[in-house]
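Shown next: work.txt, containing compact mmCIF, C-alpha atoms.
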# COMPACT_ATOMS: atom_id res chain seq x y z
CA MET A 151 159.17 -39.96 3.43
CA ARG A 152 160.55 -38.12 6.44
CA ALA A 153 159.39 -34.85 4.90
CA LEU A 154 155.90 -36.27 4.43
CA VAL A 155 155.73 -37.35 8.03
CA ARG A 156 157.11 -34.02 9.15
CA ASN A 157 154.40 -32.12 7.19
CA LEU A 158 151.54 -34.51 7.99
CA GLY A 159 150.24 -32.28 10.74
CA TRP A 160 150.05 -29.31 8.42
CA ILE A 161 148.30 -31.41 5.79
CA LEU A 162 145.71 -32.61 8.29
CA ALA A 163 145.14 -29.06 9.52
CA GLY A 164 144.63 -27.88 5.93
CA LEU A 165 142.11 -30.62 5.27
CA VAL A 166 140.19 -29.67 8.41
CA VAL A 167 140.12 -25.99 7.33
CA VAL A 168 138.91 -26.93 3.84
CA GLY A 169 136.22 -29.15 5.34
CA LEU A 170 135.05 -26.38 7.61
CA LEU A 171 134.89 -23.94 4.69
CA VAL A 172 132.90 -26.41 2.58
CA TYR A 173 130.53 -27.01 5.50
CA ALA A 174 130.10 -23.27 6.14
CA PHE A 175 129.37 -22.38 2.52
CA ARG A 176 127.25 -25.36 1.59
CA PRO A 177 123.69 -24.55 0.28
CA VAL A 178 121.27 -24.46 3.24
CA PRO A 179 117.70 -25.57 2.51
CA VAL A 180 115.13 -22.77 2.86
CA GLU A 181 112.56 -23.37 5.57
CA VAL A 182 109.04 -23.08 4.15
CA ASP A 183 105.43 -23.75 5.09
CA THR A 184 103.87 -26.48 3.01
CA ALA A 185 100.39 -27.82 2.44
CA ALA A 186 98.94 -30.67 0.42
CA ALA A 187 96.61 -30.29 -2.52
CA ALA A 188 93.46 -31.99 -1.28
CA ARG A 189 90.03 -32.68 -2.68
CA GLY A 190 87.09 -31.47 -0.61
CA PRO A 191 84.13 -29.10 -0.46
CA LEU A 192 84.76 -25.53 -1.64
CA VAL A 193 82.18 -22.91 -0.70
CA VAL A 194 82.50 -19.52 -2.43
CA THR A 195 80.63 -16.70 -0.73
CA VAL A 196 80.11 -12.97 -0.97
CA ASN A 197 80.58 -11.45 2.47
CA ALA A 198 78.71 -8.25 3.29
CA GLU A 199 77.11 -6.41 6.17
CA GLY A 200 73.37 -5.97 6.41
CA LYS A 201 70.57 -5.37 8.84
CA THR A 202 67.35 -7.03 9.86
CA ARG A 203 64.00 -5.47 9.19
CA ILE A 204 60.41 -6.35 9.92
CA ARG A 205 58.78 -7.44 6.70
CA GLU A 206 55.58 -5.47 7.22
CA LYS A 207 55.34 -2.34 9.38
CA TYR A 208 52.30 -0.22 10.02
CA VAL A 209 52.34 3.48 10.86
CA VAL A 210 49.23 4.53 12.80
CA SER A 211 48.17 8.08 11.92
CA ALA A 212 45.46 10.36 13.27
CA PRO A 213 42.37 9.89 11.04
CA LEU A 214 41.05 13.39 11.88
CA ALA A 215 42.13 16.58 13.57
CA GLY A 216 41.54 17.05 17.26
CA GLN A 217 42.98 16.91 20.76
CA LEU A 218 45.24 13.87 21.17
CA LEU A 219 45.39 12.51 24.71
CA ARG A 220 48.76 11.36 26.04
CA ILE A 221 49.86 8.03 24.59
CA ARG A 222 50.79 5.58 27.35
CA HIS A 223 52.36 2.90 25.15
CA ARG A 224 56.12 2.45 24.98
CA PRO A 225 58.34 0.70 22.42
CA GLY A 226 58.17 -3.04 23.07
CA ASP A 227 54.61 -3.07 24.42
CA PRO A 228 52.50 -5.89 22.90
CA VAL A 229 49.34 -5.02 20.96
CA THR A 230 46.41 -7.17 19.87
CA THR A 231 44.41 -6.81 16.68
CA GLY A 232 41.22 -4.83 17.34
CA ASP A 233 41.56 -4.90 21.15
CA THR A 234 44.44 -2.64 22.11
CA VAL A 235 43.55 1.07 22.23
CA LEU A 236 46.58 2.86 20.83
CA ALA A 237 45.45 6.46 21.11
CA VAL A 238 42.39 8.57 21.94
CA ILE A 239 41.41 11.77 20.08
CA GLU A 240 38.78 14.30 21.12
CA PRO A 241 37.56 15.77 17.83
CA GLY A 242 37.72 19.54 17.53
CA ASP A 243 34.41 21.23 16.75
CA PRO A 244 35.67 23.78 14.20
CA SER A 245 37.11 21.05 12.02
CA LEU A 246 33.98 18.91 12.33
CA LEU A 247 31.70 21.74 11.20
CA ASP A 248 33.89 22.62 8.21
CA ALA A 249 32.20 21.56 4.95
CA ARG A 250 35.53 21.11 3.25
CA ALA A 251 36.73 18.78 6.03
CA ARG A 252 33.54 16.73 5.65
CA GLY A 253 34.11 16.45 1.90
CA GLU A 254 37.71 15.33 2.47
CA ILE A 255 36.57 12.62 4.87
CA GLU A 256 33.90 11.41 2.43
CA ALA A 257 36.51 11.24 -0.32
CA LYS A 258 38.80 9.33 2.03
CA VAL A 259 36.04 6.78 2.68
CA LYS A 260 35.69 6.17 -1.07
CA GLY A 261 39.45 5.97 -1.51
CA THR A 262 39.89 3.45 1.31
CA GLU A 263 37.04 1.35 -0.08
CA ALA A 264 38.78 1.25 -3.47
CA ALA A 265 42.07 0.37 -1.77
CA ARG A 266 40.37 -2.47 0.12
CA GLN A 267 38.93 -3.88 -3.10
CA GLN A 268 42.32 -3.58 -4.77
CA ALA A 269 43.97 -5.42 -1.86
CA GLU A 270 41.40 -8.22 -2.07
CA ALA A 271 42.07 -8.56 -5.80
CA GLY A 272 45.79 -8.72 -5.07
CA LEU A 273 45.15 -11.47 -2.53
CA LYS A 274 43.27 -13.52 -5.12
CA ARG A 275 46.15 -13.13 -7.59
CA ALA A 276 48.69 -14.09 -4.93
CA ARG A 277 46.74 -17.21 -3.96
CA SER A 278 46.43 -18.27 -7.61
CA ALA A 279 50.16 -17.74 -8.14
CA HIS A 280 50.94 -19.74 -5.01
CA GLN A 281 48.74 -22.63 -6.13
CA LEU A 282 50.55 -22.67 -9.50
CA ALA A 283 53.99 -22.48 -7.86
CA ALA A 284 53.08 -25.22 -5.37
CA SER A 285 51.89 -27.56 -8.14
CA GLN A 286 55.05 -26.87 -10.17
CA TRP A 287 57.21 -27.56 -7.09
CA GLU A 288 55.44 -30.89 -6.47
CA ARG A 289 55.88 -31.86 -10.11
CA VAL A 290 59.57 -30.93 -10.17
CA LYS A 291 60.12 -32.74 -6.85
CA ARG A 292 58.73 -35.94 -8.31
CA LEU A 293 60.88 -35.50 -11.42
CA ARG A 294 63.90 -34.87 -9.20
CA GLU A 295 63.27 -38.06 -7.25
CA SER A 296 63.15 -39.98 -10.53
CA GLY A 297 66.35 -38.32 -11.74
CA VAL A 298 64.78 -36.40 -14.64
CA ALA A 299 65.00 -32.86 -13.19
CA SER A 300 68.29 -31.25 -12.11
CA ALA A 301 69.08 -29.91 -8.66
CA ASP A 302 69.03 -26.33 -10.00
CA GLU A 303 65.51 -26.81 -11.37
CA ALA A 304 64.37 -28.21 -8.02
CA ASP A 305 65.95 -25.31 -6.09
CA THR A 306 64.37 -22.77 -8.45
CA ALA A 307 60.92 -24.35 -8.14
CA GLU A 308 61.21 -24.49 -4.34
CA ALA A 309 62.30 -20.86 -4.18
CA ARG A 310 59.36 -19.81 -6.37
CA GLU A 311 56.92 -21.68 -4.12
CA ARG A 312 58.40 -20.05 -1.02
CA VAL A 313 58.26 -16.58 -2.58
CA ALA A 314 54.65 -17.17 -3.67
CA ALA A 315 53.72 -18.22 -0.13
CA ASP A 316 55.31 -15.05 1.24
CA GLU A 317 53.36 -13.00 -1.31
CA VAL A 318 50.11 -14.55 -0.09
CA ARG A 319 50.97 -13.60 3.48
CA VAL A 320 51.83 -10.04 2.42
CA ALA A 321 48.58 -9.79 0.45
CA GLU A 322 46.55 -11.01 3.44
CA PHE A 323 48.26 -8.43 5.61
CA ALA A 324 47.46 -5.72 3.02
CA VAL A 325 43.77 -6.72 3.05
CA ARG A 326 43.61 -6.43 6.85
CA VAL A 327 45.31 -3.05 6.83
CA ALA A 328 43.10 -1.73 4.02
CA GLY A 329 39.99 -2.90 5.86
CA PHE A 330 41.15 -1.21 9.06
CA GLU A 331 41.81 2.06 7.21
CA HIS A 332 38.35 1.87 5.64
CA GLU A 333 36.74 1.35 9.03
CA LEU A 334 38.66 4.31 10.43
CA ALA A 335 37.54 6.50 7.57
CA LYS A 336 33.89 5.47 8.01
CA ALA A 337 34.10 6.08 11.74
CA ALA A 338 35.54 9.54 11.09
CA LEU A 339 32.69 10.27 8.68
CA VAL A 340 30.13 9.31 11.30
CA ARG A 341 31.71 11.76 13.71
CA VAL A 342 31.80 14.83 11.42
CA GLN A 343 29.23 16.42 13.70
CA PRO A 344 30.04 17.10 17.32
CA ARG A 345 28.44 14.68 19.74
CA LEU A 346 28.22 14.63 23.48
CA SER A 347 28.24 11.60 25.68
CA ALA A 348 25.59 10.90 28.33
CA ASP A 349 27.46 12.98 30.91
CA GLY A 350 27.80 15.95 28.57
CA ASP A 351 31.49 15.50 27.74
CA PRO A 352 32.70 15.39 24.12
CA GLU A 353 32.82 11.91 22.64
CA ARG A 354 36.26 10.45 22.19
CA PHE A 355 37.57 8.68 19.10
CA GLU A 356 39.56 5.55 19.93
CA ILE A 357 42.25 4.24 17.56
CA ARG A 358 42.68 0.49 17.96
CA SER A 359 45.55 -1.67 16.76
CA PRO A 360 45.08 -3.02 13.22
CA ILE A 361 47.61 -5.82 13.72
CA GLY A 362 49.08 -8.01 16.44
CA GLY A 363 52.69 -7.46 17.40
CA LEU A 364 54.71 -4.87 19.28
CA VAL A 365 54.99 -1.11 19.41
CA LEU A 366 58.18 -0.23 17.55
CA ARG A 367 58.23 3.58 17.86
CA VAL A 368 56.11 6.31 19.39
CA PHE A 369 56.24 9.48 17.29
CA GLN A 370 53.84 11.63 19.35
CA GLU A 371 53.87 10.81 23.03
CA SER A 372 52.59 13.97 24.72
CA ALA A 373 49.06 15.32 24.54
CA ALA A 374 48.71 17.83 21.71
CA VAL A 375 46.38 19.20 19.08
CA VAL A 376 47.11 17.16 15.96
CA ALA A 377 46.06 17.46 12.34
CA GLY A 378 44.62 14.61 10.33
CA GLY A 379 47.37 12.34 9.06
CA THR A 380 49.80 13.05 11.93
CA ARG A 381 51.98 9.99 12.60
CA LEU A 382 51.41 8.61 16.08
CA LEU A 383 52.97 5.13 16.40
CA GLU A 384 54.71 2.46 14.36
CA LEU A 385 53.71 -1.19 14.82
CA GLY A 386 55.18 -4.45 13.63
CA ASP A 387 55.68 -8.13 14.38
CA PRO A 388 59.37 -8.79 15.22
CA ARG A 389 58.86 -12.50 14.59
CA ASP A 390 58.44 -11.74 10.88
CA LEU A 391 62.03 -10.67 10.17
CA GLU A 392 63.99 -10.52 6.95
CA MET A 393 67.51 -9.36 6.07
CA GLU A 394 68.51 -6.41 3.91
CA ILE A 395 72.10 -6.93 2.70
CA ASP A 396 73.76 -4.42 0.38
CA VAL A 397 76.45 -5.85 -1.92
CA LEU A 398 78.45 -4.58 -4.87
CA SER A 399 76.54 -4.69 -8.14
CA THR A 400 79.32 -6.85 -9.62
CA ASP A 401 78.61 -9.43 -6.91
CA ALA A 402 74.83 -9.09 -7.14
CA VAL A 403 74.78 -10.40 -10.73
CA LYS A 404 76.21 -13.72 -9.45
CA MET A 405 73.35 -14.30 -6.99
CA ARG A 406 70.05 -16.05 -7.58
CA PRO A 407 66.86 -16.40 -5.49
CA GLY A 408 67.11 -19.44 -3.26
CA ALA A 409 70.86 -19.06 -2.64
CA ARG A 410 72.00 -20.09 0.83
CA VAL A 411 72.87 -17.36 3.35
CA ILE A 412 75.03 -17.87 6.46
CA VAL A 413 74.68 -15.19 9.17
CA ASP A 414 77.69 -14.75 11.44
CA HIS A 415 78.50 -12.39 14.33
CA TRP A 416 74.88 -11.46 15.00
CA GLY A 417 75.32 -11.86 18.76
CA GLY A 418 74.22 -15.47 19.22
CA PRO A 419 76.35 -18.55 19.85
CA GLU A 420 75.66 -20.24 16.49
CA PRO A 421 75.44 -18.95 12.89
CA LEU A 422 71.95 -18.55 11.46
CA ALA A 423 70.76 -19.82 8.09
CA GLY A 424 68.72 -18.06 5.46
CA ARG A 425 67.74 -18.01 1.80
CA VAL A 426 67.87 -15.20 -0.76
CA ARG A 427 64.34 -14.16 -1.68
CA VAL A 428 65.01 -11.38 -4.17
CA VAL A 429 67.91 -9.42 -5.62
CA GLU A 430 66.49 -5.94 -6.12
CA PRO A 431 66.62 -4.82 -9.77
CA ALA A 432 67.66 -1.23 -8.95
CA GLY A 433 70.98 -0.24 -7.40
CA PHE A 434 72.11 2.87 -5.58
CA LEU A 435 75.28 4.89 -5.06
CA LYS A 436 77.09 4.55 -1.75
CA VAL A 437 80.30 6.23 -0.62
CA SER A 438 82.60 3.88 1.31
CA ALA A 439 84.56 4.80 4.43
CA LEU A 440 87.57 5.51 2.19
CA GLY A 441 85.58 7.96 0.08
CA VAL A 442 85.16 5.60 -2.90
CA GLU A 443 81.87 5.74 -4.77
CA GLU A 444 80.36 2.27 -5.19
CA GLN A 445 77.28 0.98 -6.93
CA ARG A 446 75.45 -1.22 -4.42
CA VAL A 447 72.39 -3.47 -4.65
CA ASN A 448 70.10 -4.61 -1.84
CA VAL A 449 69.66 -8.37 -1.47
CA ILE A 450 66.60 -9.44 0.56
CA ALA A 451 66.85 -12.77 2.38
CA ASP A 452 64.58 -14.73 4.72
CA PHE A 453 65.61 -16.60 7.86
CA THR A 454 65.08 -20.36 7.65
CA ASP A 455 66.02 -21.24 11.24
CA PRO A 456 63.27 -21.62 13.86
CA LEU A 457 62.18 -18.51 15.73
CA ASP A 458 63.68 -19.75 19.02
CA MET A 459 67.20 -19.58 17.55
CA ARG A 460 66.90 -15.91 16.54
CA LYS A 461 64.43 -14.68 19.12
CA PRO A 462 66.73 -11.90 20.47
CA LEU A 463 66.94 -10.26 17.04
CA GLY A 464 64.83 -7.17 16.45
CA ASP A 465 64.24 -4.56 13.78
CA ALA A 466 67.32 -2.85 12.21
CA TYR A 467 69.86 -5.11 13.99
CA ARG A 468 73.28 -5.47 12.35
CA VAL A 469 74.24 -8.82 10.81
CA GLU A 470 77.21 -10.14 8.85
CA ALA A 471 76.05 -12.34 6.00
CA ARG A 472 77.85 -14.77 3.72
CA ILE A 473 75.84 -15.37 0.54
CA VAL A 474 76.80 -18.62 -1.18
CA ILE A 475 77.30 -18.17 -4.93
CA SER A 476 79.01 -21.50 -5.60
CA GLU A 477 79.70 -24.71 -3.69
CA GLY A 478 80.86 -28.17 -4.63
CA ASP A 479 83.73 -30.66 -4.53
CA ALA A 480 87.09 -29.45 -5.88
CA LEU A 481 90.87 -30.03 -5.78
CA LYS A 482 92.07 -27.08 -3.72
CA VAL A 483 95.19 -25.53 -2.24
CA PRO A 484 95.62 -22.59 0.14
CA THR A 485 95.19 -19.29 -1.72
CA GLY A 486 98.58 -18.14 -0.41
CA ALA A 487 100.29 -20.86 -2.45
CA VAL A 488 99.32 -19.53 -5.91
CA PHE A 489 100.61 -16.34 -7.51
CA ARG A 490 100.71 -14.59 -10.85
CA SER A 491 103.37 -15.75 -13.28
CA GLY A 492 103.26 -13.87 -16.54
CA ALA A 493 99.76 -14.11 -17.98
CA GLY A 494 98.84 -17.14 -15.90
CA TRP A 495 99.12 -18.62 -12.44
CA ALA A 496 101.82 -20.73 -10.82
CA CYS A 497 102.94 -22.23 -7.53
CA PHE A 498 106.01 -23.86 -6.06
CA ALA A 499 105.54 -27.62 -5.74
CA GLU A 500 107.83 -29.44 -3.30
CA ARG A 501 109.39 -32.43 -5.09
CA ASN A 502 112.33 -34.41 -3.71
CA GLY A 503 113.28 -31.63 -1.34
CA ARG A 504 113.33 -28.93 -4.01
CA ALA A 505 110.92 -26.15 -4.98
CA VAL A 506 109.71 -26.63 -8.55
CA LEU A 507 107.94 -23.74 -10.29
CA THR A 508 104.72 -25.27 -11.61
CA ALA A 509 102.17 -23.59 -13.88
CA VAL A 510 98.57 -24.20 -12.76
CA THR A 511 95.09 -23.35 -13.94
CA VAL A 512 92.91 -21.97 -11.14
CA GLY A 513 89.15 -21.84 -10.82
CA ARG A 514 86.97 -20.69 -7.94
CA SER A 515 88.37 -19.10 -4.79
CA ASN A 516 86.87 -18.09 -1.47
CA GLY A 517 89.89 -16.18 -0.18
CA LEU A 518 91.18 -19.08 1.92
CA ASP A 519 91.25 -21.92 -0.62
CA THR A 520 91.62 -21.86 -4.40
CA GLU A 521 90.48 -24.53 -6.85
CA VAL A 522 93.19 -26.03 -9.06
CA LEU A 523 91.90 -27.26 -12.42
CA SER A 524 95.22 -28.51 -13.81
CA GLY A 525 98.92 -28.61 -12.96
CA LEU A 526 98.72 -30.48 -9.65
CA ALA A 527 97.51 -33.86 -8.47
CA GLU A 528 95.85 -34.76 -5.22
CA GLY A 529 98.46 -35.12 -2.49
CA ASP A 530 101.09 -32.87 -4.10
CA MET A 531 102.84 -30.62 -1.59
CA VAL A 532 102.99 -26.88 -2.34
CA VAL A 533 104.83 -24.02 -0.68
CA VAL A 534 102.50 -21.59 1.09
CA HIS A 535 103.44 -17.89 1.06
CA PRO A 536 106.85 -18.39 -0.59
CA SER A 537 109.46 -15.74 0.25
CA ASP A 538 111.88 -14.13 -2.20
CA ARG A 539 114.45 -16.79 -1.21
CA VAL A 540 112.36 -19.51 -2.82
CA LYS A 541 113.40 -19.95 -6.45
CA ASP A 542 112.90 -22.69 -8.99
CA GLY A 543 115.15 -25.59 -7.99
CA VAL A 544 116.08 -24.28 -4.54
CA ARG A 545 116.35 -26.89 -1.80
CA VAL A 546 113.53 -26.46 0.74
CA VAL A 547 112.56 -28.08 4.00
CA GLY A 548 109.25 -27.89 5.77
CA ARG A 549 109.11 -26.12 9.09

Could I get this file's structure written as structure tokens?
Amino acid sequence: MRALVRNLGWILAGLVVVGLLVYAFRPVPVEVDTAAAARGPLVVTVNAEGKTRIREKYVVSAPLAGQLLRIRHRPGDPVTTGDTVLAVIEPGDPSLLDARARGEIEAKVKGTEAARQQAEAGLKRARSAHQLAASQWERVKRLRESGVASADEADTAEARERVAADEVRVAEFAVRVAGFEHELAKAALVRVQPRLSADGDPERFEIRSPIGGLVLRVFQESAAVVAGGTRLLELGDPRDLEMEIDVLSTDAVKMRPGARVIVDHWGGPEPLAGRVRVVEPAGFLKVSALGVEEQRVNVIADFTDPLDMRKPLGDAYRVEARIVISEGDALKVPTGAVFRSGAGWACFAERNGRAVLTAVTVGRSNGLDTEVLSGLAEGDMVVVHPSDRVKDGVRVVGR
């Protein structure tokens, strides 16, 4: 007993050392970031850069050879249909007395007349197609309200009606342009012989604006002797903008007319909205900044926001577009929580303070969130971006 009392201090010291060693080498939970599997909207988009462009541009050319007077218009100047004088040409006598030049102008008159008739026929076809599309849209809308037609059918019918309306506008524009070209050709034919004005000076040929809008570019500003067909100015209406977005061909096959487009980083305070009008059927080869050859496809989309929201935009402005290819309600987790495990996918679920390797079936993903089809329930906690210290069964604690 005396020996026990005498050694009690050493025994207590040994117990303290053993306790300290146990405490020092005990398993420490790994700190991890966690997130809950939650049900909510999941929007899957294809992100790509594009540019704006005016839907219909018109290049004004010299209808006949002669002396072009200096053009006073500058890019951004407004023009009015039939009123604004764009350029003035003093016809040159040698060209006017040339029999071959006269024959060319007569042939041009006939060609422009045929083009005008063709444009009018195209307008009739476009109007008929629009009437058919509008009636189909009204019918599908009524069926949708009664629950017979699906949402996809309604979206398709609405997109067709919108495209048909745009085709009517394009056809009307083509008729006006063809008529203007025909009038120019007839005016040039009238002036194939030199004429003098009342004061004895050569008559001048005025070229007036065929459309209303703005001057986009001036190709020939200074006075010069020009040949027939020389480009002088380019006109367009910046209010009639569309988007040209080039995407990978593998992404283009997932897109359909009528798909929603979200335009970010265009320079304004709020994103703009749009709709895909057409996915062009022909692709092209493009070399990326890294030197990789890619097959790209142009996607043409229309703005759906009012003009006041996108008024600062002009022709060939850069935009960043997100084209929606899928959206709907889903059970989702952060994309950083799922990883490859063998031939499938897995994640670490946090259960009772431990990381449990859980096999999951994934669906859609937008880069930030991933849809989970099976393996998890709503509210389950998962480890986001697990490090190499996280193993199956390891104790974990949330940061």

Please report as CSV every residue of range 311-340 of chain A lying within 10 Å of range 223-241 of chain A, along with the nearest atom pair and their distance in Å (one decimal), using only C-alpha atoms.
residue,atom,partner,partner_atom,distance
A:Arg326,CA,A:Thr231,CA,9.9
A:Phe330,CA,A:Gly232,CA,9.0
A:Ala338,CA,A:Pro241,CA,9.4

Closest to Ala374 in chain A among A:Ser537, A:Ser524, A:Gln217, A:Thr262, using only C-alpha atoms?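 Distance minimum relative to Ala374 in chain A lands on A:Gln217.
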
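When CA of Glu206 in chain A is paired with CA of Ser372 in chain A, their separation reads 26.3 Å.
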
Interface rows for range 217-323 of chain A against range 444-456 of chain A: nearest pair, Å to one decimal, 12 Å, all atoms listed in the file, as CSV:
residue,atom,partner,partner_atom,distance
A:Ala309,CA,A:Asp452,CA,11.0
A:Arg312,CA,A:Asp452,CA,10.0
A:Val313,CA,A:Asp452,CA,9.8
A:Asp316,CA,A:Asp452,CA,9.9

Which residue out of A:Glu311, A:Glu392, A:Asp302, A:Glu181 has the minimum interatomic distance to Ile204 in chain A when only C-alpha atoms are used?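 Ranking A:Glu311, A:Glu392, A:Asp302, A:Glu181 by distance to Ile204 in chain A, first place goes to A:Glu392.
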
Got a sec: who's within 10 Å of range 281-288 of chain A, counting all atoms listed in the file, leaving out chain neighbours fewer than 6 positions off, as a ChimeraX atom specification? /A:275,294,303-315

Only C-alpha atoms, please: the residues just picked out, written as a short mmCIF file (atom, residue, chain, number, x, y, z; two decimals), in the coordinates of the input.
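After the write, result.cif holds the following:
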data_model
loop_
_atom_site.label_atom_id
_atom_site.label_comp_id
_atom_site.auth_asym_id
_atom_site.auth_seq_id
_atom_site.Cartn_x
_atom_site.Cartn_y
_atom_site.Cartn_z
CA ARG A 275 46.15 -13.13 -7.59
CA ARG A 294 63.90 -34.87 -9.20
CA GLU A 303 65.51 -26.81 -11.37
CA ALA A 304 64.37 -28.21 -8.02
CA ASP A 305 65.95 -25.31 -6.09
CA THR A 306 64.37 -22.77 -8.45
CA ALA A 307 60.92 -24.35 -8.14
CA GLU A 308 61.21 -24.49 -4.34
CA ALA A 309 62.30 -20.86 -4.18
CA ARG A 310 59.36 -19.81 -6.37
CA GLU A 311 56.92 -21.68 -4.12
CA ARG A 312 58.40 -20.05 -1.02
CA VAL A 313 58.26 -16.58 -2.58
CA ALA A 314 54.65 -17.17 -3.67
CA ALA A 315 53.72 -18.22 -0.13
#

Fewer than 4 positions away in the same chain doesn't count, so skip those; otherwise give me all residues within 9 Å of Glu317 in chain A, counting all atoms listed in the file, as a PyMOL selection string. chain A and resi 273+276-277+279-280+312-313+321-322

Selection as a VMD selection string: residues within 12 Å of (61.1, -17.3, 19.1), counting only C-alpha atoms: chain A and resid 387 to 391 455 to 464

Using only C-alpha atoms, which of the listed residues (A:Val547, A:Val442, A:Ala402, A:Ala185) sits closest to Val483 in chain A?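 Smallest separation from Val483 in chain A among the options: A:Ala185.
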
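Between CA of Leu219 in chain A and CA of Glu333 in chain A lies a distance of 21.1 Å.
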
One decimal, in Å: what's the spacing between CA of Ala432 in chain A and CA of Ala301 in chain A?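 Value for the CA of Ala432 in chain A-CA of Ala301 in chain A distance: 28.7 Å.
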
Calculated over all atoms listed in the file, which of the candidates A:Asp401, A:Glu254, A:Glu371, A:Glu384 has the smallest distance to Lys336 in chain A?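 Checking each of A:Asp401, A:Glu254, A:Glu371, A:Glu384 against Lys336 in chain A, counting all atoms listed in the file, the winner is A:Glu254.
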
With distances taken over only C-alpha atoms, which of A:Gly486, A:Gly529, A:Gly492, A:Gly433 is nearest to Asp183 in chain A?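 Counting only C-alpha atoms, the residue closest to Asp183 in chain A is A:Gly486.
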
Nearest to Val403 in chain A, chosen from A:Val426, A:Ile475, A:Val325, A:Ile357, with only C-alpha atoms counted in the distances: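 Among A:Val426, A:Ile475, A:Val325, A:Ile357, it is A:Ile475 that comes nearest to Val403 in chain A.
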
I'd like the neighbourhood of Glu500 in chain A as a VMD selection string, where a residue qualifies if any of its atoms comes within 7 Å (using all atoms listed in the file), though same-chain residues fewer than 5 positions away should be ignored. chain A and resid 505 to 506 531 to 533

Could you write out the selected residues, including C-alpha atoms, as a PDB file, keeping the file's coordinate frame?
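That gives us part14.pdb:
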ATOM      1  CA  ALA A 505     110.920 -26.150  -4.980  1.00  0.00           C
ATOM      2  CA  VAL A 506     109.710 -26.630  -8.550  1.00  0.00           C
ATOM      3  CA  MET A 531     102.840 -30.620  -1.590  1.00  0.00           C
ATOM      4  CA  VAL A 532     102.990 -26.880  -2.340  1.00  0.00           C
ATOM      5  CA  VAL A 533     104.830 -24.020  -0.680  1.00  0.00           C
TER       6      VAL A 533
END
